[in-house]
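Novice: Got a structure for you, entry02.cif, holding mmCIF, N, CA and C atoms.
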```
data_target
#
loop_
_atom_site.label_atom_id
_atom_site.label_comp_id
_atom_site.auth_asym_id
_atom_site.auth_seq_id
_atom_site.Cartn_x
_atom_site.Cartn_y
_atom_site.Cartn_z
N MET A 1 -28.10 -25.23 36.86
CA MET A 1 -27.81 -25.27 35.44
C MET A 1 -27.98 -23.89 34.82
N LYS A 2 -29.07 -23.18 35.19
CA LYS A 2 -29.32 -21.84 34.66
C LYS A 2 -28.19 -20.90 35.04
N GLN A 3 -27.59 -21.10 36.22
CA GLN A 3 -26.49 -20.25 36.67
C GLN A 3 -25.26 -20.42 35.79
N ILE A 4 -25.07 -21.57 35.17
CA ILE A 4 -23.93 -21.81 34.29
C ILE A 4 -24.22 -21.27 32.89
N ILE A 5 -25.43 -21.47 32.39
CA ILE A 5 -25.78 -21.08 31.03
C ILE A 5 -25.76 -19.56 30.87
N THR A 6 -26.29 -18.82 31.82
CA THR A 6 -26.34 -17.37 31.71
C THR A 6 -24.96 -16.76 31.51
N PRO A 7 -23.95 -17.10 32.32
CA PRO A 7 -22.61 -16.54 32.07
C PRO A 7 -22.03 -17.00 30.74
N LEU A 8 -22.31 -18.22 30.33
CA LEU A 8 -21.79 -18.71 29.05
C LEU A 8 -22.41 -17.95 27.89
N VAL A 9 -23.71 -17.67 27.96
CA VAL A 9 -24.37 -16.88 26.92
C VAL A 9 -23.77 -15.48 26.89
N PHE A 10 -23.56 -14.89 28.05
CA PHE A 10 -22.96 -13.56 28.12
C PHE A 10 -21.56 -13.57 27.49
N ILE A 11 -20.76 -14.56 27.80
CA ILE A 11 -19.41 -14.67 27.25
C ILE A 11 -19.48 -14.83 25.73
N TYR A 12 -20.39 -15.67 25.26
CA TYR A 12 -20.54 -15.90 23.83
C TYR A 12 -20.93 -14.60 23.11
N ILE A 13 -21.89 -13.89 23.64
CA ILE A 13 -22.33 -12.63 23.02
C ILE A 13 -21.21 -11.60 23.03
N THR A 14 -20.49 -11.51 24.14
CA THR A 14 -19.38 -10.57 24.24
C THR A 14 -18.30 -10.89 23.22
N LEU A 15 -17.92 -12.16 23.12
CA LEU A 15 -16.88 -12.56 22.17
C LEU A 15 -17.34 -12.33 20.73
N THR A 16 -18.60 -12.57 20.45
CA THR A 16 -19.14 -12.33 19.11
C THR A 16 -19.06 -10.85 18.76
N LEU A 17 -19.46 -10.00 19.69
CA LEU A 17 -19.40 -8.56 19.44
C LEU A 17 -17.96 -8.08 19.28
N LEU A 18 -17.06 -8.60 20.10
CA LEU A 18 -15.65 -8.20 19.99
C LEU A 18 -15.05 -8.65 18.67
N SER A 19 -15.37 -9.88 18.27
CA SER A 19 -14.80 -10.36 17.01
C SER A 19 -15.38 -9.58 15.83
N GLN A 20 -16.63 -9.16 15.90
CA GLN A 20 -17.22 -8.35 14.84
C GLN A 20 -16.56 -6.99 14.77
N THR A 21 -16.29 -6.39 15.91
CA THR A 21 -15.60 -5.10 15.93
C THR A 21 -14.21 -5.27 15.32
N SER A 22 -13.53 -6.35 15.65
CA SER A 22 -12.21 -6.59 15.10
C SER A 22 -12.27 -6.75 13.59
N LYS A 23 -13.29 -7.46 13.08
CA LYS A 23 -13.45 -7.61 11.64
C LYS A 23 -13.70 -6.26 10.98
N ASP A 24 -14.54 -5.45 11.60
CA ASP A 24 -14.82 -4.11 11.07
C ASP A 24 -13.56 -3.26 11.07
N ASP A 25 -12.81 -3.29 12.16
CA ASP A 25 -11.56 -2.53 12.23
C ASP A 25 -10.57 -3.02 11.19
N TYR A 26 -10.49 -4.34 11.03
CA TYR A 26 -9.57 -4.94 10.07
C TYR A 26 -9.93 -4.49 8.65
N MET A 27 -11.24 -4.48 8.35
CA MET A 27 -11.70 -4.04 7.03
C MET A 27 -11.36 -2.56 6.80
N LYS A 28 -11.49 -1.73 7.84
CA LYS A 28 -11.15 -0.32 7.71
C LYS A 28 -9.66 -0.14 7.44
N ILE A 29 -8.84 -0.94 8.11
CA ILE A 29 -7.39 -0.89 7.89
C ILE A 29 -7.08 -1.25 6.44
N GLU A 30 -7.71 -2.31 5.94
CA GLU A 30 -7.48 -2.72 4.55
C GLU A 30 -7.99 -1.67 3.56
N GLU A 31 -9.15 -1.10 3.83
CA GLU A 31 -9.70 -0.06 2.95
C GLU A 31 -8.78 1.16 2.89
N GLU A 32 -8.27 1.58 4.04
CA GLU A 32 -7.37 2.73 4.09
C GLU A 32 -6.06 2.42 3.36
N ALA A 33 -5.54 1.22 3.55
CA ALA A 33 -4.30 0.82 2.88
C ALA A 33 -4.48 0.86 1.37
N GLU A 34 -5.58 0.29 0.89
CA GLU A 34 -5.82 0.28 -0.56
C GLU A 34 -6.03 1.70 -1.09
N LYS A 35 -6.72 2.53 -0.34
CA LYS A 35 -6.96 3.91 -0.76
C LYS A 35 -5.64 4.66 -0.96
N LEU A 36 -4.72 4.51 -0.03
CA LEU A 36 -3.43 5.19 -0.14
C LEU A 36 -2.63 4.71 -1.35
N VAL A 37 -2.64 3.40 -1.58
CA VAL A 37 -1.90 2.84 -2.71
C VAL A 37 -2.54 3.27 -4.03
N LYS A 38 -3.86 3.28 -4.09
CA LYS A 38 -4.54 3.76 -5.30
C LYS A 38 -4.23 5.23 -5.56
N GLN A 39 -4.18 6.02 -4.49
CA GLN A 39 -3.90 7.45 -4.61
C GLN A 39 -2.52 7.68 -5.24
N GLN A 40 -1.52 6.97 -4.76
CA GLN A 40 -0.19 7.17 -5.32
C GLN A 40 -0.10 6.62 -6.74
N LEU A 41 -0.83 5.54 -7.04
CA LEU A 41 -0.81 4.98 -8.39
C LEU A 41 -1.44 5.95 -9.40
N THR A 42 -2.56 6.54 -9.03
CA THR A 42 -3.21 7.51 -9.91
C THR A 42 -2.28 8.68 -10.19
N ALA A 43 -1.64 9.19 -9.16
CA ALA A 43 -0.70 10.31 -9.34
C ALA A 43 0.52 9.88 -10.17
N TYR A 44 0.99 8.66 -9.98
CA TYR A 44 2.10 8.12 -10.77
C TYR A 44 1.72 8.12 -12.25
N ASN A 45 0.54 7.59 -12.55
CA ASN A 45 0.11 7.51 -13.94
C ASN A 45 -0.17 8.89 -14.55
N ASN A 46 -0.49 9.85 -13.71
CA ASN A 46 -0.66 11.24 -14.18
C ASN A 46 0.64 12.03 -14.13
N ARG A 47 1.68 11.39 -13.62
CA ARG A 47 3.01 11.99 -13.48
C ARG A 47 2.95 13.30 -12.70
N ASP A 48 2.19 13.28 -11.62
CA ASP A 48 2.01 14.45 -10.75
C ASP A 48 2.81 14.21 -9.46
N ILE A 49 4.01 14.74 -9.41
CA ILE A 49 4.93 14.45 -8.30
C ILE A 49 4.37 14.89 -6.96
N ASP A 50 3.71 16.03 -6.90
CA ASP A 50 3.20 16.52 -5.62
C ASP A 50 2.10 15.62 -5.07
N LYS A 51 1.15 15.23 -5.92
CA LYS A 51 0.09 14.33 -5.48
C LYS A 51 0.63 12.93 -5.21
N PHE A 52 1.63 12.52 -5.96
CA PHE A 52 2.25 11.21 -5.77
C PHE A 52 2.82 11.07 -4.36
N LEU A 53 3.41 12.13 -3.87
CA LEU A 53 4.09 12.08 -2.57
C LEU A 53 3.13 12.13 -1.37
N ILE A 54 1.92 12.63 -1.55
CA ILE A 54 0.99 12.84 -0.43
C ILE A 54 0.77 11.59 0.42
N PRO A 55 0.51 10.41 -0.15
CA PRO A 55 0.21 9.26 0.71
C PRO A 55 1.42 8.66 1.43
N PHE A 56 2.61 9.15 1.13
CA PHE A 56 3.82 8.59 1.74
C PHE A 56 4.18 9.33 3.03
N SER A 57 4.72 8.59 3.97
CA SER A 57 5.24 9.15 5.21
C SER A 57 6.45 10.02 4.88
N ASP A 58 6.69 11.05 5.68
CA ASP A 58 7.90 11.87 5.51
C ASP A 58 9.16 11.03 5.63
N SER A 59 9.09 9.95 6.39
CA SER A 59 10.25 9.08 6.61
C SER A 59 10.11 7.75 5.87
N VAL A 60 9.41 7.76 4.72
CA VAL A 60 9.21 6.54 3.94
C VAL A 60 10.55 5.86 3.66
N GLU A 61 10.53 4.54 3.72
CA GLU A 61 11.71 3.73 3.44
C GLU A 61 11.43 2.92 2.18
N VAL A 62 12.35 2.97 1.22
CA VAL A 62 12.17 2.25 -0.04
C VAL A 62 13.29 1.23 -0.19
N TYR A 63 12.88 -0.01 -0.44
CA TYR A 63 13.81 -1.13 -0.48
C TYR A 63 13.70 -1.88 -1.81
N THR A 64 14.81 -2.50 -2.20
CA THR A 64 14.77 -3.58 -3.16
C THR A 64 14.62 -4.84 -2.33
N PHE A 65 13.62 -5.65 -2.63
CA PHE A 65 13.32 -6.84 -1.84
C PHE A 65 14.52 -7.77 -1.80
N PRO A 66 14.85 -8.36 -0.67
CA PRO A 66 14.07 -8.36 0.55
C PRO A 66 14.40 -7.22 1.52
N ASN A 67 15.66 -6.73 1.50
CA ASN A 67 15.99 -5.75 2.54
C ASN A 67 17.12 -4.78 2.16
N LYS A 68 17.31 -4.54 0.87
CA LYS A 68 18.35 -3.60 0.45
C LYS A 68 17.74 -2.20 0.41
N LEU A 69 18.12 -1.38 1.38
CA LEU A 69 17.59 -0.02 1.49
C LEU A 69 18.11 0.83 0.34
N MET A 70 17.17 1.43 -0.41
CA MET A 70 17.54 2.31 -1.52
C MET A 70 17.63 3.75 -1.05
N TYR A 71 16.62 4.20 -0.28
CA TYR A 71 16.65 5.54 0.29
C TYR A 71 15.57 5.67 1.35
N VAL A 72 15.71 6.75 2.15
CA VAL A 72 14.76 7.08 3.21
C VAL A 72 14.31 8.52 3.02
N GLY A 73 13.02 8.75 3.12
CA GLY A 73 12.49 10.11 3.13
C GLY A 73 11.80 10.54 1.85
N LYS A 74 10.80 11.38 2.03
CA LYS A 74 10.03 11.91 0.91
C LYS A 74 10.88 12.78 -0.01
N ASP A 75 11.83 13.51 0.56
CA ASP A 75 12.70 14.36 -0.27
C ASP A 75 13.49 13.52 -1.27
N LYS A 76 14.02 12.40 -0.79
CA LYS A 76 14.79 11.53 -1.69
C LYS A 76 13.87 10.84 -2.68
N MET A 77 12.65 10.53 -2.25
CA MET A 77 11.68 9.93 -3.17
C MET A 77 11.36 10.92 -4.29
N LYS A 78 11.20 12.17 -3.93
CA LYS A 78 10.92 13.20 -4.94
C LYS A 78 12.04 13.26 -5.97
N LEU A 79 13.28 13.24 -5.49
CA LEU A 79 14.43 13.25 -6.40
C LEU A 79 14.44 12.03 -7.32
N ALA A 80 14.02 10.88 -6.78
CA ALA A 80 14.03 9.65 -7.55
C ALA A 80 12.97 9.65 -8.66
N TYR A 81 11.88 10.37 -8.46
CA TYR A 81 10.75 10.31 -9.40
C TYR A 81 10.53 11.56 -10.24
N GLN A 82 10.92 12.73 -9.79
CA GLN A 82 10.51 13.95 -10.49
C GLN A 82 10.99 14.02 -11.94
N ASP A 83 12.24 13.67 -12.21
CA ASP A 83 12.72 13.72 -13.59
C ASP A 83 12.04 12.66 -14.46
N LYS A 84 11.83 11.49 -13.88
CA LYS A 84 11.14 10.42 -14.60
C LYS A 84 9.74 10.89 -15.01
N PHE A 85 9.04 11.56 -14.11
CA PHE A 85 7.70 12.05 -14.41
C PHE A 85 7.72 13.11 -15.52
N LYS A 86 8.76 13.95 -15.54
CA LYS A 86 8.85 15.01 -16.56
C LYS A 86 9.22 14.43 -17.93
N GLU A 87 10.15 13.49 -17.93
CA GLU A 87 10.73 13.01 -19.18
C GLU A 87 9.95 11.88 -19.84
N LEU A 88 9.35 11.01 -19.06
CA LEU A 88 8.68 9.82 -19.61
C LEU A 88 7.19 10.08 -19.75
N THR A 89 6.82 10.69 -20.86
CA THR A 89 5.44 11.14 -21.04
C THR A 89 4.45 9.99 -21.23
N ASN A 90 4.92 8.81 -21.57
CA ASN A 90 4.04 7.65 -21.73
C ASN A 90 4.08 6.70 -20.53
N LEU A 91 4.68 7.14 -19.46
CA LEU A 91 4.82 6.30 -18.26
C LEU A 91 3.44 5.88 -17.75
N ASN A 92 3.29 4.57 -17.53
CA ASN A 92 2.02 4.06 -17.03
C ASN A 92 2.26 2.76 -16.28
N CYS A 93 1.56 2.63 -15.17
CA CYS A 93 1.63 1.40 -14.37
C CYS A 93 0.24 0.79 -14.29
N LYS A 94 0.14 -0.46 -14.69
CA LYS A 94 -1.13 -1.19 -14.64
C LYS A 94 -1.00 -2.30 -13.61
N ILE A 95 -1.99 -2.38 -12.73
CA ILE A 95 -2.00 -3.44 -11.71
C ILE A 95 -2.65 -4.67 -12.32
N THR A 96 -1.94 -5.78 -12.31
CA THR A 96 -2.50 -7.02 -12.84
C THR A 96 -3.07 -7.90 -11.73
N GLU A 97 -2.60 -7.68 -10.52
CA GLU A 97 -3.13 -8.43 -9.39
C GLU A 97 -2.83 -7.65 -8.11
N ARG A 98 -3.77 -7.67 -7.19
CA ARG A 98 -3.59 -6.96 -5.92
C ARG A 98 -4.03 -7.88 -4.78
N ILE A 99 -3.19 -7.92 -3.76
CA ILE A 99 -3.51 -8.65 -2.53
C ILE A 99 -3.45 -7.64 -1.40
N ILE A 100 -4.48 -7.61 -0.57
CA ILE A 100 -4.51 -6.72 0.59
C ILE A 100 -4.67 -7.59 1.82
N LEU A 101 -3.75 -7.43 2.73
CA LEU A 101 -3.78 -8.19 3.97
C LEU A 101 -3.45 -7.24 5.11
N GLY A 102 -4.49 -6.80 5.81
CA GLY A 102 -4.29 -5.84 6.89
C GLY A 102 -3.70 -4.55 6.35
N ASN A 103 -2.56 -4.15 6.89
CA ASN A 103 -1.93 -2.90 6.49
C ASN A 103 -0.91 -3.08 5.36
N THR A 104 -0.97 -4.21 4.67
CA THR A 104 -0.02 -4.50 3.59
C THR A 104 -0.77 -4.68 2.28
N VAL A 105 -0.27 -4.00 1.24
CA VAL A 105 -0.82 -4.14 -0.11
C VAL A 105 0.31 -4.65 -1.00
N ILE A 106 0.01 -5.71 -1.75
CA ILE A 106 0.98 -6.29 -2.67
C ILE A 106 0.41 -6.18 -4.08
N ASP A 107 1.13 -5.47 -4.95
CA ASP A 107 0.68 -5.27 -6.32
C ASP A 107 1.63 -5.95 -7.29
N SER A 108 1.05 -6.70 -8.23
CA SER A 108 1.79 -7.18 -9.39
C SER A 108 1.55 -6.14 -10.46
N GLU A 109 2.64 -5.61 -11.05
CA GLU A 109 2.53 -4.45 -11.93
C GLU A 109 3.13 -4.72 -13.31
N GLU A 110 2.56 -4.04 -14.29
CA GLU A 110 3.14 -3.96 -15.62
C GLU A 110 3.36 -2.48 -15.91
N VAL A 111 4.62 -2.11 -16.11
CA VAL A 111 4.97 -0.71 -16.32
C VAL A 111 5.40 -0.53 -17.77
N THR A 112 4.79 0.46 -18.41
CA THR A 112 5.16 0.81 -19.78
C THR A 112 5.62 2.26 -19.82
N GLY A 113 6.33 2.58 -20.90
CA GLY A 113 6.76 3.97 -21.10
C GLY A 113 8.17 4.25 -20.62
N ILE A 114 8.83 3.26 -20.04
CA ILE A 114 10.23 3.46 -19.62
C ILE A 114 11.16 3.06 -20.76
N ILE A 115 10.93 1.87 -21.30
CA ILE A 115 11.68 1.38 -22.46
C ILE A 115 10.66 1.21 -23.60
N PRO A 116 10.89 1.85 -24.75
CA PRO A 116 9.92 1.76 -25.84
C PRO A 116 9.56 0.31 -26.19
N ASP A 117 8.27 0.07 -26.36
CA ASP A 117 7.73 -1.23 -26.75
C ASP A 117 8.06 -2.36 -25.79
N LYS A 118 8.35 -2.04 -24.56
CA LYS A 118 8.64 -3.06 -23.54
C LYS A 118 7.69 -2.91 -22.37
N ILE A 119 7.24 -4.03 -21.86
CA ILE A 119 6.45 -4.06 -20.63
C ILE A 119 7.36 -4.60 -19.53
N LEU A 120 7.57 -3.78 -18.52
CA LEU A 120 8.39 -4.21 -17.39
C LEU A 120 7.46 -4.76 -16.31
N LYS A 121 7.81 -5.90 -15.78
CA LYS A 121 6.99 -6.50 -14.72
C LYS A 121 7.70 -6.35 -13.40
N ALA A 122 6.91 -6.04 -12.39
CA ALA A 122 7.48 -5.85 -11.05
C ALA A 122 6.40 -6.17 -10.02
N VAL A 123 6.85 -6.31 -8.80
CA VAL A 123 5.96 -6.46 -7.66
C VAL A 123 6.32 -5.36 -6.67
N ALA A 124 5.29 -4.68 -6.16
CA ALA A 124 5.50 -3.64 -5.15
C ALA A 124 4.73 -4.05 -3.90
N ILE A 125 5.39 -3.93 -2.76
CA ILE A 125 4.78 -4.26 -1.48
C ILE A 125 4.77 -2.97 -0.65
N TYR A 126 3.59 -2.57 -0.24
CA TYR A 126 3.42 -1.33 0.53
C TYR A 126 2.99 -1.67 1.95
N LYS A 127 3.71 -1.12 2.92
CA LYS A 127 3.36 -1.28 4.34
C LYS A 127 2.85 0.06 4.85
N ILE A 128 1.64 0.05 5.40
CA ILE A 128 1.00 1.27 5.88
C ILE A 128 1.13 1.36 7.39
N GLU A 129 1.52 2.54 7.87
CA GLU A 129 1.58 2.82 9.31
C GLU A 129 1.10 4.25 9.54
N ASN A 130 0.25 4.43 10.53
CA ASN A 130 -0.27 5.76 10.87
C ASN A 130 -0.87 6.49 9.66
N ASN A 131 -1.66 5.75 8.86
CA ASN A 131 -2.36 6.30 7.70
C ASN A 131 -1.44 6.88 6.63
N LYS A 132 -0.24 6.35 6.53
CA LYS A 132 0.70 6.75 5.49
C LYS A 132 1.45 5.51 5.00
N ILE A 133 1.93 5.55 3.77
CA ILE A 133 2.79 4.47 3.28
C ILE A 133 4.16 4.68 3.91
N GLN A 134 4.57 3.74 4.75
CA GLN A 134 5.82 3.87 5.50
C GLN A 134 6.98 3.12 4.84
N LYS A 135 6.66 1.95 4.24
CA LYS A 135 7.72 1.15 3.61
C LYS A 135 7.23 0.64 2.27
N VAL A 136 8.16 0.63 1.30
CA VAL A 136 7.88 0.08 -0.02
C VAL A 136 9.01 -0.87 -0.36
N TYR A 137 8.63 -2.05 -0.85
CA TYR A 137 9.59 -3.05 -1.29
C TYR A 137 9.31 -3.34 -2.76
N PHE A 138 10.36 -3.29 -3.61
CA PHE A 138 10.19 -3.61 -5.02
C PHE A 138 10.91 -4.90 -5.34
N ILE A 139 10.22 -5.74 -6.11
CA ILE A 139 10.81 -6.96 -6.65
C ILE A 139 10.76 -6.82 -8.16
N LYS A 140 11.94 -6.84 -8.78
CA LYS A 140 12.01 -6.67 -10.24
C LYS A 140 12.65 -7.86 -10.88
#
```
Starting from the file, lay out its structure as structure tokens.

Specialist:
Amino acid sequence: MKQIITPLVFIYITLTLLSQTSKDDYMKIEEEAEKLVKQQLTAYNNRDIDKFLIPFSDSVEVYTFPNKLMYVGKDKMKLAYQDKFKELTNLNCKITERIILGNTVIDSEEVTGIIPDKILKAVAIYKIENNKIQKVYFIK
């Protein structure tokens, strides 16, 4: 009986340690994902194009949900945002709800400063790969 229990205890301890490591790794992935999304949001609200682009991959893909590709690459992202940042001095994005699941961050947003006295609602989905925002999906 002791010969059976000892291996079972060893297996149980090993699986417990492995699952704890996985939980820790999973939490680190979620923390990094949220950090990147917060970084770009802060830069967006400050209308700082250079800081805004830092968390994005050079080959970032931006979509209208579910799969309509708008553009690929940081250079095209810069073109899409730089004039908006210069011209819309009251531009602001407020997160009303955030869901983080692994390497995916989903934000419910209220954007002001684009149309006077209007709050635009949108959802942004960010997919993180290799410590950069690789894909963004917008639902408007």

Novice: To one decimal place in Å, what is the distance between atom N of A:Ala124 and atom CA of A:Val105?

Specialist: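 One can read the atom N of A:Ala124 to atom CA of A:Val105 distance as 8.6 Å.
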
Novice: Could you give me, as JSON lines, every stretch 106-136 of chain A residue with an atom at most 8 Å from stretch 72-89 of chain A, plus its closest atom pair and distance in Å to one decimal, counting all atoms listed in the file, rows ordered by chain then number?

Specialist:
```
{"residue": "A:Thr112", "atom": "C", "partner": "A:Thr89", "partner_atom": "C", "distance": 7.9}
{"residue": "A:Gly113", "atom": "C", "partner": "A:Leu88", "partner_atom": "CA", "distance": 5.7}
{"residue": "A:Ile114", "atom": "CA", "partner": "A:Leu88", "partner_atom": "CA", "distance": 6.5}
```

Novice: Rounded to one decimal, what separation in Å do you get between atom N of A:Thr64 and atom C of A:Lys28?

Specialist: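 Answer for the atom N of A:Thr64 to atom C of A:Lys28 separation: 26.4 Å.
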
Novice: Please evaluate the PyMOL selection byres ((chain A and resi 33) around 8) against the displayed coordinates and give the resulting residues as a VMD selection string.

Specialist: chain A and resid 27 to 32 34 to 39 100 102 to 105 126 to 129 131 to 133

Novice: Which of stretch 50-118 of chain A counts as strand (DSSP E) under DSSP, as a PyMOL selection string please?

Specialist: chain A and resi 56-64+68-72+92-101+104-112

Novice: Please expand the PyMOL selection byres ((chain A and resi 44-53) around 6.5) into the concrete residues it hits in this file, giving the result as number ranges by chain.

Specialist: A: 39-43, 54-56, 82, 85-86, 91-93
